[in-house]
Amino acid sequence: MAELYQVEFKGSRREYFYNTYHHSLSVSDYVIIQATQGEDMGLLIKRLESEPELKGLEKPRSILRRAGDDDHSRYQQLKENETKYKKEVAQTVRRHGLDMKIVDVECMFDGGKITFYFTADHRVDFRTLVRELASRYRTRIELRQIGVRDEAKRIDGYGICGLRQCCNGHLTSFAPISTQHAREQDLSLNPSKISGNCGRLLCCLRYEVDLYTETKRKFPALGTVVKTAEGSGRIQRIDIFREEAVFKNEDDVLCRVKPDEIKKVERTKTSDSKPVVKETNNLVDSEELRRLDDNSNNVN
């Protein structure tokens, strides 16, 4: 059976292809693949030992050959053309008075199509622009509107963690995120610390939130008085990764307790219970947080 590879194209787009013709290939090779219409060039990033779930995806097409010197030369020329076309079209957009921003340009390897990616706050009537571009570049033109998260993905970059953006790595789709995910994990609600390069909430806020939610459910709420073998005290915090509640007993000693070690719970709270996350005027921009939440339903 033909080997199955994952191939990456510009903008972190990834697709699967069969080595139908049994070429000698290695990960990190550039290859020419059979596109929906014509040919394209991409980078082999992974060989798959078994076929993945391909629900809703087209059957993988074929890898035609490993890219040669001529292919690399053509690919480099296309990259230079894309930079030039982006500047030219941005000027044309301004001349037409269209409220849109050209984000990226992608030329198909065989010259059969040029795709212009843009962002805009509203729908844009670009029919006249398409006709002008088709006449200028003598090929099929596609204008594709994308969201700000897709823009960040196409531009690429590094997050505040120092690693490459998740959208350029393992993420295959975007999911809705809200500031409640940050609150559940007791994170600072400083918009600059919980937002990514796209200006939306960090995708990684979803990664551990289920662990925090499930662990917190095993314990009484913060500020609750509990009785244990170590004495009685008010819960000050939950150590999520150890699955322990931290409280200070009658002897003013910090103690840790597992959920099943709590003997009795006093349900009433006193006014001295303190939340873990403080939303102070210096730290939190309420308007900015509302804006982030308003945008969370728009996954792009």
# chains A, B, ... in the order shown; residues from 1 in each chain; ligands from 1
$ select_by_dssp --residues "stretch 27-105 of chain A" --states "alpha helix (DSSP H)" --output "number ranges by chain"
A: 69-96
$ select_by_dssp --residues "stretch 92-163 of chain A" --states "strand (DSSP E or B)" --output "ChimeraX atom specification"
/A:101-107,113-119,140-145,158
$ write_last_selection --atoms "C-alpha atoms" --output "PDB file, in the first residue's frame"
ATOM      1  CA  LYS A 101      -6.898  44.876   4.059  1.00  0.00           C
ATOM      2  CA  ILE A 102      -4.802  42.565   1.859  1.00  0.00           C
ATOM      3  CA  VAL A 103      -3.157  40.133   4.279  1.00  0.00           C
ATOM      4  CA  ASP A 104      -1.398  37.606   2.076  1.00  0.00           C
ATOM      5  CA  VAL A 105      -1.019  36.386  -1.488  1.00  0.00           C
ATOM      6  CA  GLU A 106      -0.562  32.792  -2.617  1.00  0.00           C
ATOM      7  CA  CYS A 107       0.375  31.822  -6.174  1.00  0.00           C
ATOM      8  CA  LYS A 113      -4.543  30.633  -9.788  1.00  0.00           C
ATOM      9  CA  ILE A 114      -3.604  33.532  -7.521  1.00  0.00           C
ATOM     10  CA  THR A 115      -5.406  33.775  -4.179  1.00  0.00           C
ATOM     11  CA  PHE A 116      -5.572  37.086  -2.319  1.00  0.00           C
ATOM     12  CA  TYR A 117      -6.452  36.806   1.377  1.00  0.00           C
ATOM     13  CA  PHE A 118      -8.015  39.837   3.028  1.00  0.00           C
ATOM     14  CA  THR A 119      -9.711  40.961   6.218  1.00  0.00           C
ATOM     15  CA  ARG A 140      -7.709  32.835 -12.354  1.00  0.00           C
ATOM     16  CA  ILE A 141      -8.174  35.165  -9.362  1.00  0.00           C
ATOM     17  CA  GLU A 142      -9.696  34.296  -6.010  1.00  0.00           C
ATOM     18  CA  LEU A 143     -10.301  36.815  -3.211  1.00  0.00           C
ATOM     19  CA  ARG A 144     -10.867  35.081   0.110  1.00  0.00           C
ATOM     20  CA  GLN A 145     -12.030  36.898   3.230  1.00  0.00           C
ATOM     21  CA  TYR A 158       5.562  33.372  18.328  1.00  0.00           C
TER      22      TYR A 158
END
$ atom_distance --atom1 "atom CA of A:Ala175" --atom2 "atom CA of A:Gly147"
13.0 Å
$ closest_residue --among "A:Glu8, A:Arg65, A:Ala229, A:Gly42" --to "A:Leu25" --atoms "only C-alpha atoms"
A:Arg65
$ residues_around --residues "A:Ser73" --least-positions-apart "6" --cutoff "12 Å" --atoms "only C-alpha atoms" --output "list of chain:residue names"
A:Met41, A:Ala67, A:Lys79, A:Glu80, A:Phe109
$ atom_distance --atom1 "atom CA of A:Tyr30" --atom2 "atom CA of A:His170"
20.2 Å
$ atom_distance --atom1 "atom CA of A:Leu222" --atom2 "atom CA of A:Cys161"
29.1 Å
$ residues_around --residues "A:Leu43" --least-positions-apart "6" --cutoff "7 Å" --atoms "only C-alpha atoms" --output "JSON, numbers by chain"
{"A": [7, 8, 9, 28, 29, 30, 31]}
$ closest_residue --among "A:Glu230, A:Glu51, A:Asp150, A:Glu132" --to "A:Phe174" --atoms "only C-alpha atoms"
A:Asp150
$ residues_around --residues "A:Lys248" --least-positions-apart "6" --cutoff "8 Å" --atoms "only C-alpha atoms" --output "JSON, numbers by chain"
{"A": [232, 233, 234, 235, 236, 254, 255]}
$ write_last_selection --atoms "C-alpha atoms" --output "PDB file, in the first residue's frame"
ATOM      1  CA  SER A 232      -9.894  22.932  61.129  1.00  0.00           C
ATOM      2  CA  GLY A 233      -9.384  25.877  58.820  1.00  0.00           C
ATOM      3  CA  ARG A 234     -10.655  27.917  55.941  1.00  0.00           C
ATOM      4  CA  ILE A 235      -9.736  26.796  52.384  1.00  0.00           C
ATOM      5  CA  GLN A 236      -7.392  29.363  50.871  1.00  0.00           C
ATOM      6  CA  LEU A 254      -0.542  25.570  56.427  1.00  0.00           C
ATOM      7  CA  CYS A 255      -1.972  22.128  55.747  1.00  0.00           C
TER       8      CYS A 255
END
$ decode --residues "stretch 192-283 of chain A" --atoms "C-alpha atoms" --output "PDB file, in the first residue's frame"
ATOM      1  CA  SER A 192      -2.565  41.858  27.269  1.00  0.00           C
ATOM      2  CA  LYS A 193      -1.645  38.620  29.059  1.00  0.00           C
ATOM      3  CA  ILE A 194      -4.585  36.504  27.905  1.00  0.00           C
ATOM      4  CA  SER A 195      -4.693  37.707  24.276  1.00  0.00           C
ATOM      5  CA  GLY A 196      -2.674  36.376  21.365  1.00  0.00           C
ATOM      6  CA  ASN A 197      -1.067  38.099  18.398  1.00  0.00           C
ATOM      7  CA  CYS A 198      -4.472  38.098  16.692  1.00  0.00           C
ATOM      8  CA  GLY A 199      -5.980  40.258  19.453  1.00  0.00           C
ATOM      9  CA  ARG A 200      -8.349  37.455  20.460  1.00  0.00           C
ATOM     10  CA  LEU A 201      -8.208  35.323  23.584  1.00  0.00           C
ATOM     11  CA  LEU A 202      -5.352  32.803  23.653  1.00  0.00           C
ATOM     12  CA  CYS A 203      -6.259  29.418  22.153  1.00  0.00           C
ATOM     13  CA  CYS A 204      -4.347  27.688  24.966  1.00  0.00           C
ATOM     14  CA  LEU A 205      -6.922  28.917  27.519  1.00  0.00           C
ATOM     15  CA  ARG A 206      -8.997  25.868  26.521  1.00  0.00           C
ATOM     16  CA  TYR A 207      -6.277  23.264  26.997  1.00  0.00           C
ATOM     17  CA  GLU A 208      -6.446  22.756  30.767  1.00  0.00           C
ATOM     18  CA  VAL A 209      -9.761  24.332  31.728  1.00  0.00           C
ATOM     19  CA  ASP A 210     -11.555  20.963  31.981  1.00  0.00           C
ATOM     20  CA  LEU A 211      -8.920  19.732  34.465  1.00  0.00           C
ATOM     21  CA  TYR A 212      -9.415  22.843  36.628  1.00  0.00           C
ATOM     22  CA  THR A 213     -13.204  22.531  36.508  1.00  0.00           C
ATOM     23  CA  GLU A 214     -13.280  18.833  37.390  1.00  0.00           C
ATOM     24  CA  THR A 215     -10.717  19.178  40.199  1.00  0.00           C
ATOM     25  CA  LYS A 216     -12.480  22.161  41.798  1.00  0.00           C
ATOM     26  CA  ARG A 217     -15.750  20.221  41.864  1.00  0.00           C
ATOM     27  CA  LYS A 218     -14.160  17.741  44.277  1.00  0.00           C
ATOM     28  CA  PHE A 219     -13.657  20.422  46.937  1.00  0.00           C
ATOM     29  CA  PRO A 220     -15.833  22.911  48.823  1.00  0.00           C
ATOM     30  CA  ALA A 221     -15.657  26.517  47.612  1.00  0.00           C
ATOM     31  CA  LEU A 222     -12.799  28.809  48.578  1.00  0.00           C
ATOM     32  CA  GLY A 223     -13.354  30.351  51.997  1.00  0.00           C
ATOM     33  CA  THR A 224     -15.264  27.326  53.310  1.00  0.00           C
ATOM     34  CA  VAL A 225     -14.280  26.045  56.784  1.00  0.00           C
ATOM     35  CA  VAL A 226     -13.341  22.353  56.790  1.00  0.00           C
ATOM     36  CA  LYS A 227     -12.449  19.885  59.557  1.00  0.00           C
ATOM     37  CA  THR A 228      -9.706  17.323  58.937  1.00  0.00           C
ATOM     38  CA  ALA A 229      -7.258  15.145  60.868  1.00  0.00           C
ATOM     39  CA  GLU A 230      -4.824  18.071  60.681  1.00  0.00           C
ATOM     40  CA  GLY A 231      -7.311  20.413  62.331  1.00  0.00           C
ATOM     41  CA  SER A 232      -9.894  22.932  61.129  1.00  0.00           C
ATOM     42  CA  GLY A 233      -9.384  25.877  58.820  1.00  0.00           C
ATOM     43  CA  ARG A 234     -10.655  27.917  55.941  1.00  0.00           C
ATOM     44  CA  ILE A 235      -9.736  26.796  52.384  1.00  0.00           C
ATOM     45  CA  GLN A 236      -7.392  29.363  50.871  1.00  0.00           C
ATOM     46  CA  ARG A 237      -6.624  27.769  47.527  1.00  0.00           C
ATOM     47  CA  ILE A 238      -6.831  24.571  45.499  1.00  0.00           C
ATOM     48  CA  ASP A 239      -3.614  22.976  44.262  1.00  0.00           C
ATOM     49  CA  ILE A 240      -4.979  21.694  40.956  1.00  0.00           C
ATOM     50  CA  PHE A 241      -2.080  19.466  39.957  1.00  0.00           C
ATOM     51  CA  ARG A 242      -1.750  17.757  43.350  1.00  0.00           C
ATOM     52  CA  GLU A 243      -5.525  17.659  43.853  1.00  0.00           C
ATOM     53  CA  GLU A 244      -5.175  19.151  47.319  1.00  0.00           C
ATOM     54  CA  ALA A 245      -6.882  21.967  49.215  1.00  0.00           C
ATOM     55  CA  VAL A 246      -4.629  24.302  51.192  1.00  0.00           C
ATOM     56  CA  PHE A 247      -5.853  25.726  54.520  1.00  0.00           C
ATOM     57  CA  LYS A 248      -4.395  27.173  57.725  1.00  0.00           C
ATOM     58  CA  ASN A 249      -5.287  25.292  60.925  1.00  0.00           C
ATOM     59  CA  GLU A 250      -5.787  26.571  64.500  1.00  0.00           C
ATOM     60  CA  ASP A 251      -2.013  26.550  65.110  1.00  0.00           C
ATOM     61  CA  ASP A 252      -1.506  28.839  62.100  1.00  0.00           C
ATOM     62  CA  VAL A 253       0.129  26.008  60.127  1.00  0.00           C
ATOM     63  CA  LEU A 254      -0.542  25.570  56.427  1.00  0.00           C
ATOM     64  CA  CYS A 255      -1.972  22.128  55.747  1.00  0.00           C
ATOM     65  CA  ARG A 256      -2.885  20.183  52.650  1.00  0.00           C
ATOM     66  CA  VAL A 257      -5.826  17.842  52.356  1.00  0.00           C
ATOM     67  CA  LYS A 258      -7.215  15.483  49.731  1.00  0.00           C
ATOM     68  CA  PRO A 259     -10.962  15.492  48.952  1.00  0.00           C
ATOM     69  CA  ASP A 260     -11.579  12.235  50.835  1.00  0.00           C
ATOM     70  CA  GLU A 261      -9.694  13.508  53.915  1.00  0.00           C
ATOM     71  CA  ILE A 262     -12.215  16.265  54.637  1.00  0.00           C
ATOM     72  CA  LYS A 263     -14.361  15.067  57.537  1.00  0.00           C
ATOM     73  CA  LYS A 264     -16.788  17.938  57.894  1.00  0.00           C
ATOM     74  CA  VAL A 265     -17.687  21.106  56.019  1.00  0.00           C
ATOM     75  CA  GLU A 266     -19.072  24.316  57.504  1.00  0.00           C
ATOM     76  CA  ARG A 267     -21.086  25.803  54.660  1.00  0.00           C
ATOM     77  CA  THR A 268     -21.160  29.421  55.856  1.00  0.00           C
ATOM     78  CA  LYS A 269     -18.472  31.848  54.686  1.00  0.00           C
ATOM     79  CA  THR A 270     -17.159  34.879  56.493  1.00  0.00           C
ATOM     80  CA  SER A 271     -16.262  38.219  54.997  1.00  0.00           C
ATOM     81  CA  ASP A 272     -12.527  37.536  55.214  1.00  0.00           C
ATOM     82  CA  SER A 273     -12.583  34.950  52.436  1.00  0.00           C
ATOM     83  CA  LYS A 274     -10.525  36.227  49.552  1.00  0.00           C
ATOM     84  CA  PRO A 275     -10.833  35.348  45.880  1.00  0.00           C
ATOM     85  CA  VAL A 276      -7.733  34.081  44.162  1.00  0.00           C
ATOM     86  CA  VAL A 277      -8.132  36.402  41.179  1.00  0.00           C
ATOM     87  CA  LYS A 278      -8.435  40.087  41.977  1.00  0.00           C
ATOM     88  CA  GLU A 279     -10.044  42.299  39.382  1.00  0.00           C
ATOM     89  CA  THR A 280      -8.609  45.677  40.366  1.00  0.00           C
ATOM     90  CA  ASN A 281      -8.902  48.865  38.355  1.00  0.00           C
ATOM     91  CA  ASN A 282      -5.157  48.798  37.735  1.00  0.00           C
ATOM     92  CA  LEU A 283      -5.222  45.292  36.341  1.00  0.00           C
TER      93      LEU A 283
END
